[in-house]
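Below is the file start-v5.csv, which contains CSV, C-alpha atoms.
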```
chain,number,residue,atom,x,y,z
L,1,MET,CA,1.9,-24.2,12.7
L,2,VAL,CA,3.0,-22.3,15.8
L,3,CYS,CA,0.7,-23.3,18.6
L,4,SER,CA,0.6,-21.4,21.9
L,5,LYS,CA,0.3,-24.6,23.9
L,6,ILE,CA,3.9,-25.5,23.1
L,7,PHE,CA,5.1,-22.7,25.4
L,8,ASN,CA,3.0,-23.8,28.4
L,9,SER,CA,5.6,-26.1,30.0
L,10,PHE,CA,8.5,-23.6,29.9
L,11,SER,CA,6.9,-20.2,29.5
L,12,TYR,CA,8.5,-18.8,32.6
L,13,PHE,CA,12.0,-19.4,31.1
L,14,LEU,CA,11.3,-17.4,27.9
L,15,THR,CA,12.6,-13.9,27.3
L,16,ALA,CA,10.6,-11.2,25.7
L,17,GLY,CA,12.6,-11.7,22.5
L,18,ARG,CA,11.6,-15.4,22.3
L,19,TRP,CA,8.0,-14.5,22.8
L,20,ASN,CA,8.2,-11.8,20.1
L,21,SER,CA,9.7,-14.3,17.7
L,22,ALA,CA,6.9,-16.8,18.4
L,23,ILE,CA,4.2,-14.1,18.0
L,24,ARG,CA,5.7,-12.7,14.8
L,25,LEU,CA,5.9,-16.2,13.3
L,26,SER,CA,2.3,-16.9,14.2
L,27,VAL,CA,1.2,-13.6,12.5
L,28,GLN,CA,3.4,-14.3,9.4
L,29,CYS,CA,1.7,-17.7,9.1
L,30,GLY,CA,-1.7,-16.3,9.4
L,31,PHE,CA,-2.4,-17.8,12.8
L,32,TYR,CA,-3.7,-14.5,14.4
L,33,GLN,CA,-5.6,-16.1,17.2
L,34,ASP,CA,-2.5,-18.1,18.2
L,35,ALA,CA,-0.5,-14.8,18.2
L,36,LEU,CA,-3.0,-13.2,20.6
L,37,LEU,CA,-3.0,-16.3,22.9
L,38,LEU,CA,0.8,-16.2,23.0
L,39,PHE,CA,0.6,-12.5,24.0
L,40,LEU,CA,-1.8,-13.4,26.8
L,41,GLN,CA,0.5,-16.2,28.0
L,42,MET,CA,3.5,-13.9,27.8
L,43,THR,CA,1.9,-11.4,30.2
L,44,GLN,CA,0.6,-14.1,32.5
L,45,SER,CA,4.1,-15.6,32.8
L,46,GLY,CA,5.4,-12.3,34.1
L,47,VAL,CA,7.4,-11.4,31.0
L,48,LYS,CA,6.9,-7.7,30.1
L,49,PRO,CA,6.2,-7.0,26.4
L,50,ASN,CA,8.3,-4.4,24.8
L,51,ASN,CA,8.0,-1.9,21.9
L,52,LEU,CA,8.7,-4.7,19.4
L,53,THR,CA,5.8,-6.9,20.8
L,54,PHE,CA,2.9,-4.6,20.0
L,55,PRO,CA,3.3,-4.0,16.3
L,56,PHE,CA,3.0,-7.8,15.8
L,57,VAL,CA,0.0,-8.0,18.2
L,58,ALA,CA,-1.6,-5.0,16.5
L,59,LYS,CA,-1.3,-6.7,13.1
L,60,ALA,CA,-2.9,-9.8,14.5
L,61,CYS,CA,-5.9,-7.7,15.7
L,62,ALA,CA,-6.0,-5.9,12.4
L,63,GLN,CA,-6.0,-9.0,10.2
L,64,SER,CA,-8.7,-10.6,12.3
L,65,ALA,CA,-10.6,-7.2,12.3
L,66,ASN,CA,-11.5,-7.7,16.0
L,67,ILE,CA,-12.2,-4.3,17.6
L,68,ARG,CA,-12.7,-5.8,21.1
L,69,ASN,CA,-9.3,-7.4,21.1
L,70,SER,CA,-7.8,-4.2,19.6
L,71,GLN,CA,-9.1,-2.1,22.4
L,72,ILE,CA,-7.9,-4.5,25.0
L,73,ILE,CA,-4.4,-4.5,23.5
L,74,HIS,CA,-4.5,-0.7,23.4
L,75,ALA,CA,-5.6,-0.4,27.0
L,76,HIS,CA,-2.7,-2.7,28.0
L,77,LEU,CA,-0.3,-0.5,26.0
L,78,ILE,CA,-1.3,2.7,27.6
L,79,LYS,CA,0.1,1.5,31.0
L,80,LEU,CA,3.6,1.0,29.6
L,81,PRO,CA,6.4,3.5,29.4
L,82,PHE,CA,6.9,3.1,25.6
L,83,SER,CA,3.2,3.8,24.8
L,84,SER,CA,4.2,7.0,22.9
L,85,ASP,CA,6.7,5.1,20.7
L,86,ILE,CA,6.1,6.3,17.1
L,87,PHE,CA,6.5,2.9,15.6
L,88,VAL,CA,4.0,1.3,18.1
L,89,GLN,CA,1.5,4.1,17.8
L,90,THR,CA,1.5,4.0,14.0
L,91,ALA,CA,0.8,0.2,14.2
L,92,MET,CA,-2.1,1.0,16.5
L,93,VAL,CA,-3.5,3.6,14.1
L,94,ASP,CA,-3.3,1.0,11.3
L,95,MET,CA,-5.0,-1.6,13.6
L,96,TYR,CA,-8.0,0.6,14.2
L,97,ILE,CA,-8.3,1.4,10.4
L,98,LYS,CA,-8.2,-2.3,9.5
L,99,CYS,CA,-10.9,-2.8,12.1
L,100,ASN,CA,-13.1,-0.3,10.3
L,101,HIS,CA,-12.9,2.3,13.1
L,102,LEU,CA,-11.4,5.4,11.4
L,103,ASN,CA,-12.7,7.7,14.1
L,104,LEU,CA,-10.6,5.9,16.8
L,105,ALA,CA,-7.6,5.8,14.4
L,106,HIS,CA,-7.9,9.5,13.7
L,107,LYS,CA,-8.2,10.3,17.5
L,108,LEU,CA,-5.1,8.3,18.3
L,109,PHE,CA,-3.2,9.9,15.4
L,110,ASP,CA,-4.1,13.4,16.6
L,111,GLU,CA,-2.8,12.5,20.0
L,112,MET,CA,0.6,11.2,18.8
L,113,PRO,CA,3.4,13.5,20.2
L,114,GLN,CA,5.5,12.7,17.1
L,115,ARG,CA,4.7,11.6,13.6
L,116,ASP,CA,6.8,10.6,10.7
L,117,VAL,CA,5.9,10.1,7.0
L,118,THR,CA,4.8,6.5,7.6
L,119,SER,CA,2.3,7.7,10.2
L,120,TRP,CA,0.9,10.2,7.8
L,121,ASN,CA,0.7,7.6,5.0
L,122,VAL,CA,-1.3,5.3,7.3
L,123,ILE,CA,-3.9,7.8,8.2
L,124,LEU,CA,-4.1,9.2,4.6
L,125,MET,CA,-4.7,5.7,3.3
L,126,GLY,CA,-7.4,5.1,5.9
L,127,CYS,CA,-9.3,8.3,4.9
L,128,SER,CA,-9.0,7.3,1.3
L,129,GLN,CA,-10.2,3.7,1.8
L,130,PHE,CA,-13.3,5.1,3.6
L,131,GLY,CA,-13.9,7.4,0.7
L,132,HIS,CA,-13.4,10.6,2.7
L,133,SER,CA,-11.9,12.8,0.0
L,134,GLU,CA,-12.3,16.0,2.1
L,135,LYS,CA,-10.5,14.4,5.0
L,136,VAL,CA,-7.7,13.3,2.7
L,137,SER,CA,-7.3,16.9,1.6
L,138,ALA,CA,-7.4,18.2,5.1
L,139,VAL,CA,-4.8,15.7,6.3
L,140,LEU,CA,-2.5,16.5,3.3
L,141,HIS,CA,-2.8,20.2,4.2
L,142,GLN,CA,-2.0,19.5,7.8
L,143,MET,CA,0.9,17.3,6.8
L,144,ARG,CA,2.4,20.1,4.7
L,145,LEU,CA,1.8,22.7,7.5
L,146,GLU,CA,3.8,20.5,9.9
L,147,ASP,CA,6.6,20.4,7.4
L,148,HIS,CA,6.3,16.7,6.4
L,149,SER,CA,6.7,16.1,2.7
L,150,PRO,CA,5.0,13.2,1.1
L,151,ASP,CA,7.1,10.4,-0.3
L,152,CYS,CA,6.6,8.0,-3.2
L,153,ILE,CA,4.6,5.6,-1.1
L,154,THR,CA,2.2,8.5,-0.2
L,155,ILE,CA,1.6,9.3,-3.8
L,156,ILE,CA,1.3,5.8,-5.1
L,157,SER,CA,-1.0,4.8,-2.2
L,158,LEU,CA,-3.3,7.8,-2.8
L,159,THR,CA,-3.3,7.2,-6.5
L,160,HIS,CA,-4.4,3.5,-6.0
L,161,ALA,CA,-7.1,4.6,-3.5
L,162,SER,CA,-8.4,7.2,-6.0
L,163,THR,CA,-8.4,4.6,-8.8
L,164,ASN,CA,-10.4,2.1,-6.7
L,165,SER,CA,-13.0,4.8,-6.1
L,166,ARG,CA,-12.8,5.9,-9.8
L,167,ASN,CA,-12.2,9.5,-8.6
L,168,LEU,CA,-10.5,11.1,-11.5
L,169,ASN,CA,-10.4,14.6,-9.8
L,170,MET,CA,-8.5,13.1,-6.9
L,171,ILE,CA,-6.0,11.4,-9.2
L,172,LYS,CA,-5.3,14.8,-10.8
L,173,SER,CA,-4.9,16.4,-7.4
L,174,VAL,CA,-2.4,13.7,-6.4
L,175,HIS,CA,-0.7,14.1,-9.7
L,176,CYS,CA,-0.2,17.8,-9.1
L,177,LEU,CA,1.1,17.2,-5.6
L,178,GLY,CA,3.6,14.7,-7.0
L,179,VAL,CA,4.8,17.1,-9.6
L,180,ARG,CA,5.1,20.0,-7.0
L,181,THR,CA,7.2,17.8,-4.6
L,182,GLY,CA,9.4,16.4,-7.4
L,183,LEU,CA,8.2,12.8,-7.0
L,184,ASP,CA,7.2,12.7,-10.7
L,185,ALA,CA,10.9,11.8,-11.3
L,186,ASP,CA,10.3,8.4,-9.8
L,187,VAL,CA,9.3,5.9,-12.6
L,188,CYS,CA,7.2,3.8,-10.1
L,189,VAL,CA,5.1,6.9,-9.4
L,190,THR,CA,4.6,7.8,-13.1
L,191,ASN,CA,3.8,4.1,-14.0
L,192,THR,CA,1.0,4.3,-11.4
L,193,TRP,CA,-0.4,7.4,-13.0
L,194,VAL,CA,-0.4,5.9,-16.5
L,195,ALA,CA,-2.4,2.9,-15.3
L,196,SER,CA,-4.7,4.9,-13.1
L,197,TYR,CA,-5.6,7.5,-15.7
L,198,ALA,CA,-6.4,4.7,-18.2
L,199,LYS,CA,-8.6,2.9,-15.7
L,200,CYS,CA,-10.5,6.1,-15.0
L,201,ASP,CA,-11.2,6.6,-18.7
L,202,ASP,CA,-8.7,9.4,-19.3
L,203,LEU,CA,-6.5,7.9,-22.0
L,204,VAL,CA,-5.1,11.3,-23.1
L,205,SER,CA,-3.6,12.0,-19.6
L,206,ALA,CA,-2.3,8.4,-19.5
L,207,GLU,CA,-0.5,9.0,-22.9
L,208,ASN,CA,0.8,12.4,-21.8
L,209,VAL,CA,2.3,10.9,-18.6
L,210,PHE,CA,3.9,8.1,-20.5
L,211,SER,CA,5.3,10.4,-23.1
L,212,GLY,CA,6.9,12.5,-20.2
L,213,ILE,CA,8.8,9.4,-18.9
L,214,PRO,CA,12.4,9.6,-20.3
L,215,SER,CA,12.9,6.7,-22.7
L,216,GLU,CA,16.0,5.5,-20.8
L,217,THR,CA,14.0,5.2,-17.5
L,218,ARG,CA,10.9,3.5,-18.9
L,219,THR,CA,10.4,0.0,-17.6
L,220,VAL,CA,8.3,-2.9,-18.8
L,221,ILE,CA,5.7,-1.8,-16.3
L,222,SER,CA,5.5,1.6,-18.1
L,223,TRP,CA,4.8,-0.1,-21.4
L,224,ASN,CA,2.4,-2.6,-19.9
L,225,ALA,CA,0.4,0.2,-18.3
L,226,LEU,CA,-0.1,2.0,-21.6
L,227,ILE,CA,-0.8,-1.3,-23.6
L,228,SER,CA,-3.4,-2.2,-21.0
L,229,GLY,CA,-4.9,1.2,-21.3
L,230,TYR,CA,-5.4,0.9,-25.0
L,231,GLY,CA,-7.0,-2.5,-24.3
L,232,HIS,CA,-9.3,-1.0,-21.8
L,233,PHE,CA,-10.4,1.5,-24.5
L,234,GLU,CA,-10.8,-1.3,-27.1
L,235,ARG,CA,-8.1,0.2,-29.3
L,236,PRO,CA,-6.2,-2.9,-30.4
L,237,THR,CA,-4.3,-1.2,-33.2
L,238,GLU,CA,-2.7,1.3,-30.8
L,239,ALA,CA,-2.0,-1.5,-28.3
L,240,ILE,CA,-0.1,-3.5,-30.9
L,241,SER,CA,1.6,-0.4,-32.2
L,242,CYS,CA,2.7,0.4,-28.7
L,243,PHE,CA,4.1,-3.2,-28.4
L,244,CYS,CA,6.0,-2.7,-31.6
L,245,GLN,CA,7.5,0.5,-30.3
L,246,MET,CA,8.4,-1.3,-27.1
L,247,ARG,CA,10.3,-3.8,-29.1
L,248,ARG,CA,12.1,-1.1,-31.1
L,249,ASP,CA,13.2,0.5,-27.8
L,250,THR,CA,14.7,-2.8,-26.8
L,251,ALA,CA,12.5,-3.2,-23.8
L,252,LYS,CA,11.9,-6.9,-23.0
L,253,PRO,CA,8.3,-7.9,-22.7
L,254,ASP,CA,7.2,-10.1,-19.8
L,255,LEU,CA,4.2,-12.3,-19.1
L,256,GLY,CA,2.2,-9.2,-18.1
L,257,THR,CA,2.8,-7.7,-21.5
L,258,PHE,CA,1.3,-10.6,-23.4
L,259,LEU,CA,-1.6,-10.8,-21.0
L,260,CYS,CA,-2.3,-7.1,-21.8
L,261,LEU,CA,-2.0,-7.8,-25.5
L,262,LEU,CA,-4.3,-10.8,-25.7
L,263,PRO,CA,-7.6,-8.9,-26.2
L,264,SER,CA,-6.0,-6.8,-28.9
L,265,CYS,CA,-4.6,-9.9,-30.7
L,266,ALA,CA,-8.2,-11.1,-31.2
L,267,ASN,CA,-8.7,-8.2,-33.6
L,268,GLU,CA,-7.8,-9.4,-37.1
L,269,LYS,CA,-7.0,-5.9,-38.5
L,270,ALA,CA,-4.7,-5.0,-35.6
L,271,LEU,CA,-2.9,-8.3,-35.8
L,272,SER,CA,-2.4,-7.9,-39.6
L,273,CYS,CA,-0.8,-4.5,-38.9
L,274,TYR,CA,1.6,-6.1,-36.4
L,275,LEU,CA,2.5,-8.9,-38.8
L,276,PHE,CA,3.2,-6.3,-41.6
L,277,SER,CA,5.3,-4.2,-39.2
L,278,SER,CA,7.3,-7.3,-38.2
L,279,LEU,CA,8.1,-8.0,-41.8
L,280,VAL,CA,9.3,-4.6,-42.8
L,281,GLN,CA,11.6,-4.2,-39.7
```
Hey, can you dump this file as structure tokens for me?
Amino acid sequence: MVCSKIFNSFSYFLTAGRWNSAIRLSVQCGFYQDALLLFLQMTQSGVKPNNLTFPFVAKACAQSANIRNSQIIHAHLIKLPFSSDIFVQTAMVDMYIKCNHLNLAHKLFDEMPQRDVTSWNVILMGCSQFGHSEKVSAVLHQMRLEDHSPDCITIISLTHASTNSRNLNMIKSVHCLGVRTGLDADVCVTNTWVASYAKCDDLVSAENVFSGIPSETRTVISWNALISGYGHFERPTEAISCFCQMRRDTAKPDLGTFLCLLPSCANEKALSCYLFSSLVQ
């Protein structure tokens, strides 16, 4: 455990880099209060925090969901010359979202002089998590107007958020956006769509997306997503048939594959079909 008391006896001799390392380690270990105490000691010892300090401190505030500490840290940042640093401001936007203050996050985002795709992803995910589908659409529109294209993380994150809220229409909108921007060529994106469509009770779309993935780029996650989808719809025969096809395509199953198959293996008819298929191969 990294404890802030260790630094009391020689804090005046530490550089900003040393403080940053200690704060980062505290955050990584989950000792968020220690990280904030270290930041306080850092400023009291006369060492000026830099642009690498605040993302770690912001994460500590975010993980503890402490809005009061978040606003204190933000007020401290405003006085410093690097307060408009895009990396720092993005961390602050994320901090306010994690503290359940989307309005403050959006205000700070709107005031950012520069934004990159990571900044847009953070605010998009915030709007999605709060269930503001209209705001998601507005932010996406604004993102395109400012000539920022979404990346794979944008599409995957929005798809996950839509799945969590069981918003099939939103998934279809994100799917269309992914196709228009050419991100449907990324197998990680298409795998996410297969799983999400199945979870939102649209097995036909899940099958269509899976069929559109070139056989040479399909991964075990692609197969697992479809097998899991068949299990979700209680269609054990299709699930086991999909597994057989997976074997024929020389894709190696993993633990996730067998976990997806377990419910289907409890069906005697489906299991008999698999055993017969294995014998005739």
Find the residues around Ile86 in chain L up to 9 Å (all atoms listed in the file counted), leave out those fewer than 5 positions away in its own chain, and share them as a count of residues only.
-> 7
Using only C-alpha atoms, I'd like a table of the residues in range 131-221 of chain L that come within 12 Å of range 97-108 of chain L; for each, show the closest atom pair and its distance in Å rounded to one decimal, ordered by chain and ascending number, as a tab-separated table.
```
residue	atom	partner	partner_atom	distance
L:Gly131	CA	L:Leu102	CA	11.2
L:His132	CA	L:Leu102	CA	10.3
L:Lys135	CA	L:His106	CA	10.3
L:Val136	CA	L:His106	CA	11.6
L:Val139	CA	L:His106	CA	10.1
```
Do you know which residues are at most 12 Å from His160 in chain L counting all atoms listed in the file, after dropping those on the same chain fewer than 6 positions away, and could you put them as an NGL selection string?
-> :L and (125 or 128-129 or 153-154 or 166-168 or 170-171 or 174-175 or 189 or 191-197 or 199-200)
So how far away is CA of Ala161 in chain L from CA of Glu134 in chain L, in Å?
-> 13.7 Å
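The space separating CA of Ile240 in chain L from CA of Cys188 in chain L comes to 23.2 Å.
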How many Å lie between CA of Ala62 in chain L and CA of Met95 in chain L, rounded to one decimal?
-> 4.6 Å
Against range 14-23 of chain L, which residues of range 40-107 of chain L fall within 10 Å? For each one I want the closest pair of atoms and the distance in Å (one decimal), counting all atoms listed in the file, rows by chain and increasing residue number, as a Markdown table.
```
| residue | atom | partner | partner_atom | distance |
| --- | --- | --- | --- | --- |
| L:Gln41 | CA | L:Trp19 | CA | 9.3 |
| L:Met42 | CA | L:Trp19 | CA | 6.8 |
| L:Thr43 | CA | L:Ala16 | CA | 9.8 |
| L:Ser45 | CA | L:Leu14 | CA | 8.9 |
| L:Gly46 | CA | L:Ala16 | CA | 9.9 |
| L:Val47 | CA | L:Ala16 | CA | 6.2 |
| L:Lys48 | CA | L:Ala16 | CA | 6.7 |
| L:Pro49 | CA | L:Ala16 | CA | 6.1 |
| L:Asn50 | CA | L:Ala16 | CA | 7.2 |
| L:Leu52 | CA | L:Asn20 | CA | 7.2 |
| L:Thr53 | CA | L:Asn20 | CA | 5.5 |
| L:Phe54 | CA | L:Asn20 | CA | 8.9 |
| L:Pro55 | CA | L:Asn20 | CA | 10.0 |
| L:Phe56 | CA | L:Ile23 | CA | 6.8 |
| L:Val57 | CA | L:Ile23 | CA | 7.4 |
| L:Ala60 | CA | L:Ile23 | CA | 9.0 |
```
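Proximity to Leu203 in chain L was assessed for L:Pro236, L:Gly178, L:Gly229, L:Gly126 counting all atoms listed in the file; the smallest distance is recorded for L:Gly229.
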Which residue gives the smallest distance to Glu234 in chain L among L:Asp201, L:Tyr96, L:Thr250, L:Thr190, with only C-alpha atoms counted?
->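 The closest residue to Glu234 in chain L is L:Asp201.
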Expected axis-aligned box over every listed atom of range 105-124 of chain L, 5 Å added per side, centre plus edges in Å to one decimal, as lines of an AutoDock Vina configuration file:
```
center_x = -0.7
center_y = 9.4
center_z = 12.4
size_x = 25.0
size_y = 18.2
size_z = 25.6
```
Nearest to Gln142 in chain L among L:Phe258, L:Ile156, L:Ile123, L:Ser26, with distances taken over all atoms listed in the file: which residue is it?
->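 Under the stated criterion, the closest residue is L:Ile123.
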